[in-house]
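Colleague: Pasting a structure here, questions to come.
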Amino acid sequence: MKIEEFINVFDKYKSILNINISDEQYNELYYYMNNIIKWNEKVNVTAITDEKEFIEKHLVDSITVNKYLKNSNSIIDIGTGAGFPGIPLKIMNKEKKFTLVDSVGKKLKVIENINENMNLYNLEIIHARAEELANNIKYREKYDVSVTRAVSNITTLMEYMLPFIKVDGIAICMKGPNYESELNEAKKAIEILGGKLIKIDKIKINENINRNIIIIKKVKNTPAKFPRKQGKPLKEPIK
Ligand code: SAM
């Protein structure tokens with residue numbers, strides 16, 4: 001796909017995103033897409049390799065949460081995989097500090113390799129489990145925003161995400177259709193970990209793709225005993 005076609009396809013979603021995109025940002029999104037698809041032949045990082053589908057399901061979808069970053073300086077994407085939503089959001093917010101975390105190192109190597117030829121500074125890529133890193137004082141309660149897409153259920157996510165966020169910051173969970181039952185189950189975890197549900201934003205990307213964005217505000221500090229040790233937030237979610 002040529003860059004002109006890329007921009008044409010992308011522009012169809014601009015009314016959903018309500019955003020201006022510069023030529024430089026288009027070039028970077030295009031470069032990232034092409035290189036992920038190329039790297040995917042060696043290291044399997046995504047099932048989506050059709051370019052139009054990639055634009056819709058990876059790039060546009062990642063940028064749906066951009067409006068929630070306006071008042072923030074520091075963002076942590078937990079379980080970023082091949083850099084979603086972190087890299088498209090970083091491209092849209094060059095001045096903000098981004099940390100991308102994943103427990104699988106080979107996916108992060110792909111991002112690092114691609115970024116060698118991109119001008120994305122103030123970007124930290126960390127190979128770790130969220131529940132380890134959140135107990136490191138360098139990272140604990142240091143972020144304005146934590147974001148996750150397709151990582152876990154909301155109860156487990158709260159234990160991964162809320163410890164990283166400063167009081168008054170927000171957790172953004174990008175969820176699919178089953179968010180309601182997950183959110184009901186997560187009520188206690190949200191409260192115990194210092195969060196408060198403030199918004200559910202439903203965005204229709206097309207006839208078949210609905211993105212549900214759950215916004216949890218951090219209203220008080222997370223007790224020091226959370227997150228529990230490796231694997232526990234997933235195996236024994238707070239009830
Ligand atoms: N967010 C990316 C996306 O939407 O394309 C990747 C989603 S992938 C389904 C889930 C990712 O979360 C995997 O790369 C996995 O290694 C990572 N992950 C799961 N649990 C994690 C944890 N406790 N700490 C760090 N990363 C984790």
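Simple scheme: letters A, B, ... for chains in structure tokens order, numbers from 1 for residues in each chain, numbers from 1 for ligands in the order shown.
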Give the residue list for ligand 1 at 10 Å, counting only C-alpha atoms and all ligand atoms, as JSON, numbers by chain, sorted by chain and then by residue number.
Modeller: {"A": [45, 46, 47, 48, 57, 58, 61, 62, 77, 78, 79, 80, 81, 82, 83, 84, 85, 86, 100, 101, 102, 103, 104, 105, 106, 107, 108, 126, 127, 128, 129, 130, 131, 132, 133, 134, 147, 148, 149, 150, 151, 152, 156, 157, 159, 160, 161, 174, 175, 230, 231, 232, 233, 234]}
Colleague: Write a file of the just-selected residues containing N, CA and C atoms, as a short mmCIF file (atom, residue, chain, number, x, y, z; two decimals), in the first residue's frame.
Modeller:
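Final output, saved to selection_34.cif:
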data_model
loop_
_atom_site.label_atom_id
_atom_site.label_comp_id
_atom_site.auth_asym_id
_atom_site.auth_seq_id
_atom_site.Cartn_x
_atom_site.Cartn_y
_atom_site.Cartn_z
N VAL A 45 4.02 -11.48 16.03
CA VAL A 45 3.55 -10.52 17.03
C VAL A 45 2.10 -10.08 16.82
N THR A 46 1.54 -10.37 15.65
CA THR A 46 0.14 -10.01 15.42
C THR A 46 -0.49 -10.97 14.40
N ALA A 47 -1.80 -11.19 14.58
CA ALA A 47 -2.52 -12.03 13.61
C ALA A 47 -3.02 -11.17 12.45
N ILE A 48 -2.90 -9.85 12.61
CA ILE A 48 -3.46 -8.94 11.59
C ILE A 48 -2.36 -8.46 10.65
N LYS A 57 -7.86 -1.96 13.01
CA LYS A 57 -7.84 -2.70 14.29
C LYS A 57 -6.64 -2.39 15.17
N HIS A 58 -5.56 -1.92 14.60
CA HIS A 58 -4.41 -1.57 15.44
C HIS A 58 -4.24 -0.05 15.58
N ASP A 61 -7.88 2.02 16.29
CA ASP A 61 -8.36 1.56 17.60
C ASP A 61 -7.47 2.10 18.73
N SER A 62 -6.16 2.03 18.56
CA SER A 62 -5.24 2.54 19.60
C SER A 62 -5.49 4.03 19.86
N ASP A 77 1.83 1.85 29.26
CA ASP A 77 1.02 0.86 28.53
C ASP A 77 1.47 -0.52 29.02
N ILE A 78 0.60 -1.21 29.71
CA ILE A 78 0.96 -2.50 30.31
C ILE A 78 0.47 -3.64 29.42
N GLY A 79 1.38 -4.56 29.07
CA GLY A 79 1.01 -5.64 28.15
C GLY A 79 0.90 -5.11 26.74
N THR A 80 1.91 -4.34 26.35
CA THR A 80 1.86 -3.60 25.07
C THR A 80 1.99 -4.51 23.84
N GLY A 81 2.54 -5.73 24.02
CA GLY A 81 2.71 -6.64 22.86
C GLY A 81 3.62 -6.01 21.82
N ALA A 82 3.09 -5.82 20.61
CA ALA A 82 3.88 -5.20 19.55
C ALA A 82 3.72 -3.67 19.55
N GLY A 83 3.32 -3.12 20.70
CA GLY A 83 3.27 -1.66 20.82
C GLY A 83 1.88 -1.05 20.68
N PHE A 84 0.85 -1.80 21.06
CA PHE A 84 -0.53 -1.27 20.96
C PHE A 84 -1.23 -1.28 22.30
N PRO A 85 -1.77 -0.14 22.69
CA PRO A 85 -1.90 1.11 21.94
C PRO A 85 -0.70 2.07 22.07
N GLY A 86 0.37 1.67 22.79
CA GLY A 86 1.43 2.62 23.16
C GLY A 86 2.10 3.36 22.01
N LEU A 100 6.47 1.47 27.97
CA LEU A 100 5.77 0.30 27.41
C LEU A 100 6.31 -0.94 28.11
N VAL A 101 5.41 -1.74 28.66
CA VAL A 101 5.83 -2.91 29.45
C VAL A 101 5.22 -4.18 28.87
N ASP A 102 6.01 -5.24 28.81
CA ASP A 102 5.46 -6.55 28.49
C ASP A 102 6.32 -7.63 29.11
N SER A 103 5.70 -8.77 29.39
CA SER A 103 6.44 -9.88 30.00
C SER A 103 7.10 -10.76 28.94
N VAL A 104 6.81 -10.49 27.66
CA VAL A 104 7.43 -11.30 26.59
C VAL A 104 8.45 -10.43 25.84
N GLY A 105 9.74 -10.76 26.07
CA GLY A 105 10.82 -9.92 25.54
C GLY A 105 10.90 -9.85 24.03
N LYS A 106 10.56 -10.94 23.34
CA LYS A 106 10.76 -10.93 21.88
C LYS A 106 9.84 -9.90 21.18
N LYS A 107 8.68 -9.63 21.76
CA LYS A 107 7.80 -8.62 21.17
C LYS A 107 8.41 -7.23 21.34
N LEU A 108 9.03 -7.02 22.51
CA LEU A 108 9.63 -5.71 22.78
C LEU A 108 10.85 -5.47 21.90
N ILE A 126 10.18 -1.70 28.65
CA ILE A 126 10.65 -2.52 29.78
C ILE A 126 10.10 -3.95 29.70
N HIS A 127 11.06 -4.90 29.80
CA HIS A 127 10.68 -6.31 29.83
C HIS A 127 10.45 -6.71 31.28
N ALA A 128 9.19 -6.81 31.69
CA ALA A 128 8.88 -7.17 33.08
C ALA A 128 7.42 -7.56 33.18
N ARG A 129 7.08 -8.24 34.25
CA ARG A 129 5.67 -8.44 34.58
C ARG A 129 5.19 -7.21 35.33
N ALA A 130 3.95 -6.80 35.06
CA ALA A 130 3.41 -5.60 35.70
C ALA A 130 3.50 -5.71 37.22
N GLU A 131 3.20 -6.89 37.76
CA GLU A 131 3.13 -7.01 39.22
C GLU A 131 4.52 -6.95 39.88
N GLU A 132 5.60 -7.20 39.10
CA GLU A 132 6.97 -6.99 39.63
C GLU A 132 7.29 -5.50 39.59
N LEU A 133 7.09 -4.92 38.42
CA LEU A 133 7.52 -3.54 38.19
C LEU A 133 6.79 -2.55 39.10
N ALA A 134 5.53 -2.85 39.41
CA ALA A 134 4.74 -1.91 40.24
C ALA A 134 5.23 -1.85 41.67
N VAL A 147 -2.68 2.54 30.57
CA VAL A 147 -3.61 2.07 29.54
C VAL A 147 -3.33 0.59 29.26
N THR A 148 -4.39 -0.16 28.97
CA THR A 148 -4.22 -1.57 28.57
C THR A 148 -5.22 -1.91 27.48
N ARG A 149 -4.78 -2.76 26.55
CA ARG A 149 -5.71 -3.30 25.55
C ARG A 149 -5.48 -4.80 25.46
N ALA A 150 -6.57 -5.56 25.63
CA ALA A 150 -6.55 -7.02 25.44
C ALA A 150 -5.51 -7.72 26.32
N VAL A 151 -5.46 -7.36 27.60
CA VAL A 151 -4.45 -7.96 28.47
C VAL A 151 -5.07 -8.93 29.47
N SER A 152 -6.19 -8.55 30.14
CA SER A 152 -6.78 -9.45 31.13
C SER A 152 -8.19 -8.97 31.48
N THR A 156 -8.25 -8.22 37.41
CA THR A 156 -6.80 -8.42 37.34
C THR A 156 -6.12 -7.15 36.85
N LEU A 157 -6.72 -6.51 35.86
CA LEU A 157 -6.12 -5.28 35.33
C LEU A 157 -5.98 -4.21 36.39
N GLU A 159 -5.36 -4.57 39.47
CA GLU A 159 -4.17 -4.85 40.30
C GLU A 159 -2.88 -4.59 39.53
N TYR A 160 -2.92 -4.75 38.21
CA TYR A 160 -1.74 -4.41 37.38
C TYR A 160 -1.58 -2.90 37.24
N MET A 161 -2.71 -2.20 37.04
CA MET A 161 -2.65 -0.80 36.59
C MET A 161 -2.62 0.23 37.72
N MET A 174 -9.19 -0.74 27.60
CA MET A 174 -9.84 -0.86 26.29
C MET A 174 -10.45 -2.26 26.23
N LYS A 175 -11.79 -2.33 26.27
CA LYS A 175 -12.44 -3.62 26.39
C LYS A 175 -13.37 -3.91 25.21
N GLN A 230 3.85 -12.43 41.70
CA GLN A 230 3.70 -12.88 40.32
C GLN A 230 2.62 -13.95 40.10
N GLY A 231 1.67 -13.67 39.23
CA GLY A 231 0.66 -14.65 38.87
C GLY A 231 -0.60 -14.57 39.71
N LYS A 232 -0.50 -14.08 40.95
CA LYS A 232 -1.67 -14.06 41.85
C LYS A 232 -2.82 -13.19 41.36
N PRO A 233 -2.55 -11.99 40.84
CA PRO A 233 -3.68 -11.17 40.39
C PRO A 233 -4.54 -11.88 39.32
N LEU A 234 -3.89 -12.75 38.53
CA LEU A 234 -4.64 -13.47 37.50
C LEU A 234 -5.29 -14.74 38.06
#
Colleague: Quick one: which range 47-78 of chain A residues come within 12 Å of range 209-222 of chain A, and what is the nearest atom pair for each with the distance in Å to one decimal, counting only C-alpha atoms, rows ordered by chain and ascending number, as CSV?
Modeller:
residue,atom,partner,partner_atom,distance
A:Glu53,CA,A:Ile209,CA,11.2
A:Glu56,CA,A:Ile209,CA,9.2
A:Lys57,CA,A:Ile209,CA,8.5
A:His58,CA,A:Ile209,CA,11.9
A:Val60,CA,A:Arg211,CA,10.8
A:Asp61,CA,A:Arg211,CA,7.6
A:Ser62,CA,A:Arg211,CA,10.0
A:Ile63,CA,A:Arg211,CA,11.3
A:Thr64,CA,A:Arg211,CA,8.3
A:Val65,CA,A:Ile213,CA,7.5
A:Asn66,CA,A:Ile213,CA,11.2
A:Lys67,CA,A:Ile213,CA,11.3
A:Tyr68,CA,A:Ile215,CA,8.8
A:Leu69,CA,A:Ile215,CA,11.6
Colleague: What would the file look like if the residues just selected were written as a compact mmCIF listing (two decimals), in the first residue's frame with N, CA and C atoms?
Modeller:
# COMPACT_ATOMS: atom_id res chain seq x y z
N GLU A 53 -7.04 -3.77 7.44
CA GLU A 53 -7.45 -4.28 8.75
C GLU A 53 -6.50 -3.76 9.85
N GLU A 56 -7.37 -0.22 10.77
CA GLU A 56 -8.59 -0.15 11.57
C GLU A 56 -8.40 -0.74 12.97
N LYS A 57 -7.86 -1.96 13.01
CA LYS A 57 -7.84 -2.70 14.29
C LYS A 57 -6.64 -2.39 15.17
N HIS A 58 -5.56 -1.92 14.60
CA HIS A 58 -4.41 -1.57 15.44
C HIS A 58 -4.24 -0.05 15.58
N VAL A 60 -6.12 2.87 14.27
CA VAL A 60 -7.28 3.69 14.65
C VAL A 60 -7.75 3.30 16.05
N ASP A 61 -7.88 2.02 16.29
CA ASP A 61 -8.36 1.56 17.60
C ASP A 61 -7.47 2.10 18.73
N SER A 62 -6.16 2.03 18.56
CA SER A 62 -5.24 2.54 19.60
C SER A 62 -5.49 4.03 19.86
N ILE A 63 -5.75 4.78 18.79
CA ILE A 63 -5.86 6.24 18.93
C ILE A 63 -7.24 6.66 19.47
N THR A 64 -8.19 5.72 19.58
CA THR A 64 -9.51 6.09 20.16
C THR A 64 -9.36 6.64 21.58
N VAL A 65 -8.30 6.25 22.29
CA VAL A 65 -8.18 6.72 23.69
C VAL A 65 -7.34 8.00 23.80
N ASN A 66 -6.90 8.52 22.67
CA ASN A 66 -6.01 9.69 22.68
C ASN A 66 -6.61 10.87 23.47
N LYS A 67 -7.93 11.06 23.35
CA LYS A 67 -8.56 12.23 24.00
C LYS A 67 -8.41 12.19 25.52
N TYR A 68 -8.16 11.01 26.09
CA TYR A 68 -8.02 10.91 27.55
C TYR A 68 -6.60 11.20 28.04
N LEU A 69 -5.71 11.51 27.11
CA LEU A 69 -4.32 11.79 27.51
C LEU A 69 -4.04 13.28 27.61
Colleague: Using only C-alpha atoms, determine which residues lie at most 8 Å from Ile154 in chain A, disregarding the query and same-chain residues fewer than 4 positions distant; provide the list as a list in words.
Modeller: Met158, Cys173, Tyr179, Glu182, Leu183 and Ala186 of chain A
Colleague: Neighbouring residues of range 119-121 of chain A were defined as those with any atom within 9 Å, considering only C-alpha atoms; residues of the same chain fewer than 6 positions away were excluded. Please report them as a ChimeraX atom specification.
Modeller: /A:28,87,90-91,94-95,97
Colleague: Residues as selected, C-alpha atoms, written as an mmCIF file, in the first residue's frame, can you do that?
Modeller:
data_model
loop_
_atom_site.group_PDB
_atom_site.id
_atom_site.type_symbol
_atom_site.label_atom_id
_atom_site.label_comp_id
_atom_site.auth_asym_id
_atom_site.auth_seq_id
_atom_site.Cartn_x
_atom_site.Cartn_y
_atom_site.Cartn_z
ATOM 1 C CA GLU A 28 5.462 7.354 11.279
ATOM 2 C CA ILE A 87 3.261 3.333 19.901
ATOM 3 C CA LYS A 90 3.285 8.053 21.387
ATOM 4 C CA ILE A 91 3.322 9.129 17.735
ATOM 5 C CA LYS A 94 5.642 13.320 21.069
ATOM 6 C CA GLU A 95 6.129 15.554 24.109
ATOM 7 C CA LYS A 97 6.729 10.374 28.410
#
Colleague: Run DSSP on the backbone and give me the residues of range 24-67 of chain A it puts in helix (DSSP H, G or I), as an NGL selection string.
Modeller: :A and (24-39 or 51-63 or 66-67)
Colleague: Using the selection just defined, write its residues with N, CA, C and O atoms as a compact mmCIF listing (two decimals), in the first residue's frame.
Modeller:
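File selection24.txt, as written:
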# COMPACT_ATOMS: atom_id res chain seq x y z
N GLU A 24 4.06 14.23 9.22
CA GLU A 24 5.10 13.47 9.93
C GLU A 24 4.47 12.30 10.70
O GLU A 24 4.97 11.17 10.68
N GLN A 25 3.35 12.58 11.35
CA GLN A 25 2.68 11.50 12.12
C GLN A 25 2.16 10.40 11.18
O GLN A 25 2.29 9.21 11.48
N TYR A 26 1.59 10.81 10.03
CA TYR A 26 1.14 9.79 9.06
C TYR A 26 2.32 8.93 8.61
O TYR A 26 2.21 7.72 8.52
N ASN A 27 3.44 9.59 8.34
CA ASN A 27 4.62 8.84 7.89
C ASN A 27 5.07 7.84 8.94
O ASN A 27 5.47 6.72 8.63
N GLU A 28 5.02 8.24 10.20
CA GLU A 28 5.46 7.35 11.28
C GLU A 28 4.50 6.19 11.49
O GLU A 28 4.92 5.05 11.70
N LEU A 29 3.20 6.48 11.44
CA LEU A 29 2.20 5.40 11.59
C LEU A 29 2.37 4.39 10.45
O LEU A 29 2.32 3.17 10.65
N TYR A 30 2.60 4.93 9.26
CA TYR A 30 2.78 4.10 8.05
C TYR A 30 4.05 3.25 8.17
O TYR A 30 4.05 2.05 7.90
N TYR A 31 5.12 3.91 8.64
CA TYR A 31 6.41 3.20 8.82
C TYR A 31 6.25 2.08 9.85
O TYR A 31 6.73 0.96 9.67
N TYR A 32 5.56 2.40 10.94
CA TYR A 32 5.39 1.39 12.00
C TYR A 32 4.59 0.19 11.47
O TYR A 32 4.96 -0.96 11.68
N MET A 33 3.49 0.49 10.77
CA MET A 33 2.67 -0.60 10.22
C MET A 33 3.49 -1.49 9.30
O MET A 33 3.52 -2.73 9.46
N ASN A 34 4.19 -0.89 8.35
CA ASN A 34 4.96 -1.68 7.37
C ASN A 34 6.00 -2.55 8.05
O ASN A 34 6.23 -3.70 7.66
N ASN A 35 6.64 -1.99 9.07
CA ASN A 35 7.71 -2.73 9.73
C ASN A 35 7.19 -3.82 10.66
O ASN A 35 7.82 -4.88 10.77
N ILE A 36 6.06 -3.59 11.30
CA ILE A 36 5.48 -4.68 12.11
C ILE A 36 5.10 -5.83 11.18
O ILE A 36 5.38 -7.00 11.47
N ILE A 37 4.48 -5.51 10.06
CA ILE A 37 4.07 -6.57 9.11
C ILE A 37 5.31 -7.33 8.60
O ILE A 37 5.31 -8.55 8.51
N LYS A 38 6.39 -6.59 8.35
CA LYS A 38 7.62 -7.22 7.89
C LYS A 38 8.25 -8.11 8.99
O LYS A 38 8.58 -9.27 8.75
N TRP A 39 8.35 -7.57 10.18
CA TRP A 39 8.93 -8.32 11.30
C TRP A 39 8.10 -9.56 11.64
O TRP A 39 8.62 -10.56 12.13
N GLU A 51 -3.34 -4.81 5.40
CA GLU A 51 -3.06 -3.42 5.77
C GLU A 51 -4.30 -2.63 6.19
O GLU A 51 -4.28 -1.87 7.16
N LYS A 52 -5.42 -2.83 5.44
CA LYS A 52 -6.63 -2.06 5.81
C LYS A 52 -7.12 -2.46 7.20
O LYS A 52 -7.55 -1.63 8.00
N GLU A 53 -7.04 -3.77 7.44
CA GLU A 53 -7.45 -4.28 8.75
C GLU A 53 -6.50 -3.76 9.85
O GLU A 53 -6.91 -3.43 10.96
N PHE A 54 -5.22 -3.68 9.50
CA PHE A 54 -4.21 -3.20 10.44
C PHE A 54 -4.51 -1.75 10.84
O PHE A 54 -4.47 -1.38 12.01
N ILE A 55 -4.84 -0.95 9.83
CA ILE A 55 -5.14 0.47 10.10
C ILE A 55 -6.31 0.56 11.07
O ILE A 55 -6.26 1.27 12.08
N GLU A 56 -7.37 -0.22 10.77
CA GLU A 56 -8.59 -0.15 11.57
C GLU A 56 -8.40 -0.74 12.97
O GLU A 56 -8.71 -0.12 13.98
N LYS A 57 -7.86 -1.96 13.01
CA LYS A 57 -7.84 -2.70 14.29
C LYS A 57 -6.64 -2.39 15.17
O LYS A 57 -6.71 -2.62 16.38
N HIS A 58 -5.56 -1.92 14.60
CA HIS A 58 -4.41 -1.57 15.44
C HIS A 58 -4.24 -0.05 15.58
O HIS A 58 -4.17 0.46 16.69
N LEU A 59 -4.18 0.65 14.44
CA LEU A 59 -3.82 2.07 14.54
C LEU A 59 -5.00 2.92 15.01
O LEU A 59 -4.91 3.61 16.04
N VAL A 60 -6.12 2.87 14.27
CA VAL A 60 -7.28 3.69 14.65
C VAL A 60 -7.75 3.30 16.05
O VAL A 60 -7.98 4.16 16.91
N ASP A 61 -7.88 2.02 16.29
CA ASP A 61 -8.36 1.56 17.60
C ASP A 61 -7.47 2.10 18.73
O ASP A 61 -7.97 2.60 19.74
N SER A 62 -6.16 2.03 18.56
CA SER A 62 -5.24 2.54 19.60
C SER A 62 -5.49 4.03 19.86
O SER A 62 -5.49 4.48 21.02
N ILE A 63 -5.75 4.78 18.79
CA ILE A 63 -5.86 6.24 18.93
C ILE A 63 -7.24 6.66 19.47
O ILE A 63 -7.43 7.81 19.87
N ASN A 66 -6.90 8.52 22.67
CA ASN A 66 -6.01 9.69 22.68
C ASN A 66 -6.61 10.87 23.47
O ASN A 66 -5.90 11.57 24.18
N LYS A 67 -7.93 11.06 23.35
CA LYS A 67 -8.56 12.23 24.00
C LYS A 67 -8.41 12.19 25.52
O LYS A 67 -8.50 13.22 26.18
Colleague: Can you list every residue in range 42-128 of chain A that DSSP puts in strand (DSSP E or B), as a list in words?
Modeller: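 Residues of range 42-128 of chain A classed as strand (DSSP E or B): Ser74, Ile75, Ile76, Asp77, Ile78, Lys97, Phe98, Thr99, Leu100, Val101, Asp102, Leu123, Glu124, Ile125, Ile126 and His127 of chain A.
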Colleague: Could you state the separation of CA of Lys42 in chain A and CA of Ile7 in chain A in Å, given to one decimal place?
Modeller: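 Value for the CA of Lys42 in chain A-CA of Ile7 in chain A distance: 27.0 Å.
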Colleague: Of the residues A:Val145, A:Ile170, A:Leu193, A:Ile16, which is the one nearest to Ile75 in chain A, using only C-alpha atoms?
Modeller: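 Checking each of A:Val145, A:Ile170, A:Leu193, A:Ile16 against Ile75 in chain A, counting only C-alpha atoms, the winner is A:Val145.
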Colleague: Given only C-alpha atoms as the basis, pick out the residue of A:Ile137, A:Asn93, A:Lys235, A:Glu180 nearest to Leu123 in chain A.
Modeller: A:Asn93
Colleague: Counting only C-alpha atoms, figure out which residue out of A:Val167, A:Ile3, A:Ile238, A:Ile200 gets nearest to Lys187 in chain A.
Modeller: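 Looking at the shortest contact to Lys187 in chain A, the residue is A:Ile238.
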Colleague: So that I can see what lies close to Ile76 in chain A, please list as a list in words the residues with an atom at most 6 Å from it, counting only C-alpha atoms and leaving out residues fewer than 5 positions away in the same chain.
Modeller: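 The neighbour list is Phe98, Thr99, Leu100 and Ser146 of chain A.
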Colleague: So that I have them on file, write out the residues from the current selection with N, CA, C and O atoms, as a tab-separated table (two decimals), in the first residue's frame.
Modeller:
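Ended up saving to result_39.tsv:
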chain	number	residue	atom	x	y	z
A	98	PHE	N	6.40	8.09	27.64
A	98	PHE	CA	5.70	6.80	27.56
A	98	PHE	C	6.59	5.67	28.07
A	98	PHE	O	7.79	5.62	27.75
A	99	THR	N	5.99	4.76	28.83
A	99	THR	CA	6.66	3.53	29.23
A	99	THR	C	5.81	2.38	28.68
A	99	THR	O	4.59	2.34	28.88
A	100	LEU	N	6.47	1.47	27.97
A	100	LEU	CA	5.77	0.30	27.41
A	100	LEU	C	6.31	-0.94	28.11
A	100	LEU	O	7.53	-1.15	28.16
A	146	SER	N	-2.49	5.04	33.03
A	146	SER	CA	-2.11	3.68	32.63
A	146	SER	C	-3.15	3.21	31.61
A	146	SER	O	-4.34	3.46	31.78
Colleague: Closest to Asn136 in chain A among A:Asn71, A:Ala189, A:Phe226, A:Met1, using only C-alpha atoms?
Modeller: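 Ranking A:Asn71, A:Ala189, A:Phe226, A:Met1 by distance to Asn136 in chain A, first place goes to A:Phe226.
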Colleague: Nearest to Ile203 in chain A among A:Ser22, A:Arg228, A:Asn8, A:Leu17, with distances taken over only C-alpha atoms: which residue is it?
Modeller: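 Result for the nearest residue to Ile203 in chain A: A:Leu17.
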